[in-house]
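J.: Okay, handing you the structure first.
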Amino acid sequence: MAESAVSQVVTRLAGLLSQEFWLLYGLRDEVEWMERELRWIKCFLKDADAKGKTDERVKNWVNEVIHVAYQAEDAIDTFLIKVNHQSHGRLSCIKYWFKPSALVARRNVAAEIGKIKERLNEIKASREAYGIQNLSEDGDASNLISIIKRRHFSPQYSDDADVIGLFNDHKILLGRLIDQQQQRLCVISIFGIGGLGKTTLARKLYRDNAVSNHFRKCIWVTVSQENSLMELLRKMLEEVRKIEKEKLEKMTENDFIDMLNDSLRTQRFLIVLDDIWREDVWNQMQRSFPDVKNGSRVMITTRFLNVAKRADPRSTPYQLQLLNDDESMKLLLNKAFPYEDAEATCTSELLDIGRCLMYKCGGLPLALVVLGGLLSIKDKTPIVWRKVLETMDWAAEGRQCQEILALSYEDLPYHMKSCFLYLGAYPEDYDITGNVLIRQWIAEGFIPKEERKTMEDTGEAILEELIQRSLIHVNTRKNNGSVKRCGAHDLLLDFARSTAKKDLFLTVCSNENDQPTYLASSRRVAFHNVNITKINEISRVYTMHGLRTLMAFGRGYSSIYDSPIFRFELLRVLDLTELTCRIPNLRKLKVEINKEHQGTMLSHLLCGLHHLVSLCIEGARDNCPIEINTKDFPFHNHLLSLTLFGFWPKGGAVSEFPTYLTKLKLLDSRLEQDPMPKLERLQYLVTLKLFQNVYLGKTMVCSTGGFPSLKSLFIDIMPNLEEWRVERGAMPKLACLQLSSCEMLKVFPDLQHVMSLQELELCYLSQELMLRLQRGAGEDWYKIQHVPKLTLVK
């Protein structure tokens with residue numbers, strides 16, 4: 001990891017020297033010297049990392065290198081911030097150099113660089129004494145290029161390969177879940193060591209059609225070590241019923257339990273509690289589950305037999321076993337050859353080496369999956385596989401999984417090491433958004449700029465590579481095959497956090513770690529279920545001058561505006577909730593507004609963020625209207641995508657919208673006036689989605705010349721709509737139309753003049769209207785007969 005940390009700083013300094021030379025007036029020689037020295041020292045870090053595992057002196061030498069690299073980066077970044085605060089553009093920057101404040105800034109950074117020079121010279125002198133050699137092959141650049149060029153397949157997510165050896169377990173547990181003879185509330189416990197596939201098996205059962213058909217309500221809650229009881233109870237209650245956030249914040253533990261009991265009594269339920277660590281957690285949570293003798297079930301996964309036994313003394317815990325040799329070999333080969341027949345491809349020699357590799361995993365599925373992922377990106381030759389086997393020369397007892405994770409991690413190019421370690425900032429079982437993760441990598445500087453490739457393309461290639469190596473798993477993909485949601489196994493997250501913490505890359509602060517070490521010098525800090533009071537306390541105690549990333553998960557942060565966390569001037573990534581007034585150049589924002597804050601928050605959103613490109617506002621639940629003052633919208637000239645979810649005040653109508661909108665989505669607006677006369681004026685609108693009671697009136701009209709650029713129109717649930725007219729000359733470019741759940745519609749629009757229409761989908765309309773649109777025979781068939789692709793769902 002040290003090589004990765006220093007490489008990032010070297011890349012940063014090299015970029016400044018090549019692109020922003022005029023900002024470094026008077027300092028160029030010093031920056032060139034630092035970049036050159038750090039690049040030279042980097043060549044020795046591969047050997048130093050290896051020696052540091054057994055030699056404490058070398059380990060300290062490596063830490064010193066990391067510290068001085070970070071010190072160099074901080075010095076330059078602090079200087080550049082001062083320059084940028086005082087000047088705008090090259091000409092004003094040059095003028096700035098002659099001001100007294102510029103002289104002071106140069107003196108300060110020159111003094112800091114002088115200290116760095118001394119430390120670098122000491123590091124160089126001690127290197128030879130420790131016998132650290134130059135082992136750098138500098139192959140990371142070429143490795144990364146090959147990764148970007150490598151063909152990445154994007155199949156729809158399937159975990160079939162991961163459930164090898166679990167089919168019999170699945171059958172037995174499914175029978176216990178839906179057993180009609182046992183009507184009492186039973187707790188089914190799956191226990192075993194980490195990496196056996198407990199969560200994989202539980203998810204397979206949870207998604208089984210027989211389970212979803214049997215239980216009226218299914219809830220999945222990840223417990224882990226980090227979540228508090230209140231947070232877990234809140235998660236479950238939010239799955240059962242919708243409650244205003246203000247009310248949730250005021251509820252006590254007993255309030256949650258009582259409300260859960262009342263809500264679950266009326267239905268047969270399945271609740272999955274994944275990864276319970278302690279008996280007391282189960283003792284507290286079980287009070288929430290009523291037993292009304294209706295066949296409801298609770299299923300838990302745990303690593304500990306005492307927890308499994310305590311959960312239900314009358315129900316025998318189900319212990320997952322290690323895979324046998326045949327199952328292990330099948331799983332390893334499935335991962336090593338994801339897109340081809342392994343038996344037909346492998347030579348006998350390769351299979352023999354594969355068996356030796358398989359034995360090293362000790363029958364542990366996670367170890368087999370990660371090792372198979374590593375082999376999948378290697379050449380399928382005996383020489384390459386034997387080289388992997390030779391690196392696995394360890395005392396395997398009890399350490400197979402950790403050693404294999406380390407092996408797979410060390411095989412990554414340094415850019416990808418940082419990308420992988422960054423996952424440690426996320427809580428266990430967190431559903432990570434692929435696009436967000438890639439943007440965070442870019443903001444951190446992990447993604448190198450490649451010729452004729454956007455950074456997003458490179459980031460997506462790296463994400464797919466980590467998936468193929470089985471270091472990340474896909475939860476869902478988009479229609480185009482790219483990753484929508486992803487995550488990582490908790491053992492992989494543990495490995496990422498422990499590795500990152502040693503090199504000051506990342507520190508995670510949770511309820512179980514209220515006084516975290518290394519915060520003062522850590523580059524990244526993530527808070528898990530830590531309240532704002534504690535965050536403010538830590539922010540005051542620890543300086544954290546060099547902090548580059550601050551993330552927080554699990555709590556609302558309504559009073560965040562006055563927090564001392566905003567003093568971190570070198571911050572690159574800030575991932576928190578209610579953040580607008582401090583970020584005037586924000587381009588993309590999604591926010592949920594509650595009744596208490598909607599007036600002031602919307603005022604900030606609409607008046608202060610003029611650089612927004614995409615805005616999503618979700619109104620509070622329980623029939624609380626969001627009062628949108630749309631007269632401010634036209635001044636948002638950069639806004640291209642807008643989503644509004646909630647009510648306008650009763651009797652309200654659509655006002656004005658940003659002129660250049662290309663995508664608009666409205667949900668549950670409850671408008672009483674036809675919105676089309678205003679919406680059809682949007683000259684650049686390409687996609688319009690009207691979902692769930694947007695309009696409550698009976699008649700809707702699209703007039704001649706309206707929607708000149710519209711290509712896709714989606715309408716769903718307009719319960720009172722009886723007549724929709726589309727005049728000739730309206731929507732001249734419409735290609736896709738979906739109309740659903742408008743059961744009162746009697747007059748279908750005449751679309752025969754919309755010759756651009758390529759795809760039409762009609763769902764859940766009245767039987768009478770569907771008969772009139774019947775192919776060939778219906779009296780309104782002529783209105784849609786020209787459309788190439790028709791889908792009619794009754």
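Here's how to read the names in the structure tokens: chain A, B, ... by the order shown, residue numbers from 1 in each chain, ligand numbers from 1 in the order shown.
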Might you pull out every residue within 9 Å of region 50-65 of chain A, with only C-alpha atoms counted and same-chain residues fewer than 6 positions away left off, and present them as a PyMOL selection string?
T.: chain A and resi 2+6+38+41-42+119-120+123+126-127+130+132+502-504
J.: Would you save the residues of that selection, restricted to N, CA and C atoms, as a PDB file, in the first residue's frame?
T.:
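Once everything was written out, this is out.pdb:
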ATOM      1  N   ALA A   2       2.042   1.196   0.614  1.00  0.00           N
ATOM      2  CA  ALA A   2       2.914   2.371   0.638  1.00  0.00           C
ATOM      3  C   ALA A   2       3.245   2.832  -0.777  1.00  0.00           C
ATOM      4  N   VAL A   6       2.489   6.662  -2.216  1.00  0.00           N
ATOM      5  CA  VAL A   6       3.542   7.513  -2.781  1.00  0.00           C
ATOM      6  C   VAL A   6       3.297   7.751  -4.270  1.00  0.00           C
ATOM      7  N   LEU A  38      10.767  11.372  -4.632  1.00  0.00           N
ATOM      8  CA  LEU A  38       9.711  10.434  -4.264  1.00  0.00           C
ATOM      9  C   LEU A  38       9.582   9.324  -5.308  1.00  0.00           C
ATOM     10  N   ILE A  41      12.405   6.910  -4.541  1.00  0.00           N
ATOM     11  CA  ILE A  41      12.146   6.126  -3.328  1.00  0.00           C
ATOM     12  C   ILE A  41      11.068   5.079  -3.578  1.00  0.00           C
ATOM     13  N   LYS A  42      10.108   5.414  -4.437  1.00  0.00           N
ATOM     14  CA  LYS A  42       9.016   4.490  -4.749  1.00  0.00           C
ATOM     15  C   LYS A  42       9.538   3.154  -5.278  1.00  0.00           C
ATOM     16  N   ARG A 119      13.911  15.363   5.707  1.00  0.00           N
ATOM     17  CA  ARG A 119      13.360  14.037   6.003  1.00  0.00           C
ATOM     18  C   ARG A 119      13.637  13.057   4.866  1.00  0.00           C
ATOM     19  N   LEU A 120      13.544  13.538   3.619  1.00  0.00           N
ATOM     20  CA  LEU A 120      13.817  12.667   2.481  1.00  0.00           C
ATOM     21  C   LEU A 120      15.282  12.230   2.455  1.00  0.00           C
ATOM     22  N   ILE A 123      15.707   9.542   5.004  1.00  0.00           N
ATOM     23  CA  ILE A 123      15.109   8.296   4.505  1.00  0.00           C
ATOM     24  C   ILE A 123      16.058   7.603   3.531  1.00  0.00           C
ATOM     25  N   SER A 126      19.029   5.954   5.411  1.00  0.00           N
ATOM     26  CA  SER A 126      18.719   4.761   6.202  1.00  0.00           C
ATOM     27  C   SER A 126      18.324   3.571   5.335  1.00  0.00           C
ATOM     28  N   ARG A 127      17.938   3.819   4.105  1.00  0.00           N
ATOM     29  CA  ARG A 127      17.488   2.728   3.235  1.00  0.00           C
ATOM     30  C   ARG A 127      18.560   1.668   3.051  1.00  0.00           C
ATOM     31  N   TYR A 130      19.194  -0.708   5.924  1.00  0.00           N
ATOM     32  CA  TYR A 130      18.184  -1.743   6.147  1.00  0.00           C
ATOM     33  C   TYR A 130      18.180  -2.797   5.043  1.00  0.00           C
ATOM     34  N   ILE A 132      17.265  -2.496   1.883  1.00  0.00           N
ATOM     35  CA  ILE A 132      16.074  -2.421   1.019  1.00  0.00           C
ATOM     36  C   ILE A 132      16.529  -2.252  -0.424  1.00  0.00           C
ATOM     37  N   LYS A 502      -3.368   0.733   8.636  1.00  0.00           N
ATOM     38  CA  LYS A 502      -1.928   0.641   8.879  1.00  0.00           C
ATOM     39  C   LYS A 502      -1.166   1.718   8.122  1.00  0.00           C
ATOM     40  N   ASP A 503      -1.652   2.058   6.934  1.00  0.00           N
ATOM     41  CA  ASP A 503      -0.949   3.042   6.100  1.00  0.00           C
ATOM     42  C   ASP A 503      -1.609   4.412   6.129  1.00  0.00           C
ATOM     43  N   LEU A 504      -2.458   4.643   7.156  1.00  0.00           N
ATOM     44  CA  LEU A 504      -3.112   5.945   7.345  1.00  0.00           C
ATOM     45  C   LEU A 504      -3.983   6.327   6.161  1.00  0.00           C
TER      46      LEU A 504
END
J.: Could you go through region 317-539 of chain A and tell me which residues DSSP, when run on the backbone, assigns to alpha helix (DSSP H), listing them as a VMD selection string?
T.: chain A and resid 325 to 336 342 to 345 348 to 360 365 to 376 382 to 390 400 to 410 414 to 421 434 to 444 455 to 468 490 to 502 532 to 539
J.: Considering only C-alpha atoms, return as a VMD selection string whatever protein or nucleic-acid residues lie within 7 Å of region 443-456 of chain A, sequence-local ones (same chain, fewer than 3 positions apart) excluded.
T.: chain A and resid 415 418 to 419 438 to 440 459 to 460 572 to 573
J.: Provide the CA of Val281 (chain A) to CA of Lys247 (chain A) distance in Å, to one decimal place.
T.: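 Distance reported for this atom pair: 24.3 Å.
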J.: Out of A:Trp277, A:Tyr318, A:Trp282, A:Phe44, which residue has the shortest atom-to-atom distance to His170 (chain A) when counting only C-alpha atoms?
T.: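 For His170 (chain A), the nearest of the given residues is A:Tyr318.
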J.: Could you please write out, as JSON, numbers by chain, every residue of region 306-529 of chain A that DSSP assigns to strand (DSSP E)?
T.: {"A": [318, 319, 432, 433, 473, 474, 475, 476, 477, 483, 484, 485, 486, 487, 507, 508, 509, 510, 524, 525, 526, 527, 528]}
J.: Quick one: of A:Leu760, A:Leu366, A:Ile81, A:Cys346, who's nearest to Leu790 (chain A), counting only C-alpha atoms?
T.: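 Smallest separation from Leu790 (chain A) among the options: A:Leu760.
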J.: For Met329 (chain A), which residue among A:Leu368, A:Leu688, A:Leu737, A:Met34 is the nearest when counting only C-alpha atoms?
T.: A:Leu368
J.: May I ask for the distance between CA of Lys309 (chain A) and CA of Ile193 (chain A), given in Å to one decimal place?
T.: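 Spanning CA of Lys309 (chain A) to CA of Ile193 (chain A) is a straight-line distance of 15.4 Å.
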J.: Pick from A:Asp262, A:Glu73, A:Glu390, A:Asp275: nearest to Ser288 (chain A), with only C-alpha atoms counted?
T.: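 Using only C-alpha atoms, Ser288 (chain A) sits closest to A:Asp262.
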J.: By how many Å are CA of Leu644 (chain A) and CA of Tyr695 (chain A) apart?
T.: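 Calculated distance between CA of Leu644 (chain A) and CA of Tyr695 (chain A) is 13.6 Å.
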J.: Taking only C-alpha atoms into account, name the residue in A:Cys616, A:Ile257, A:Leu773, A:Met700 that is nearest to Leu233 (chain A).
T.: A:Ile257
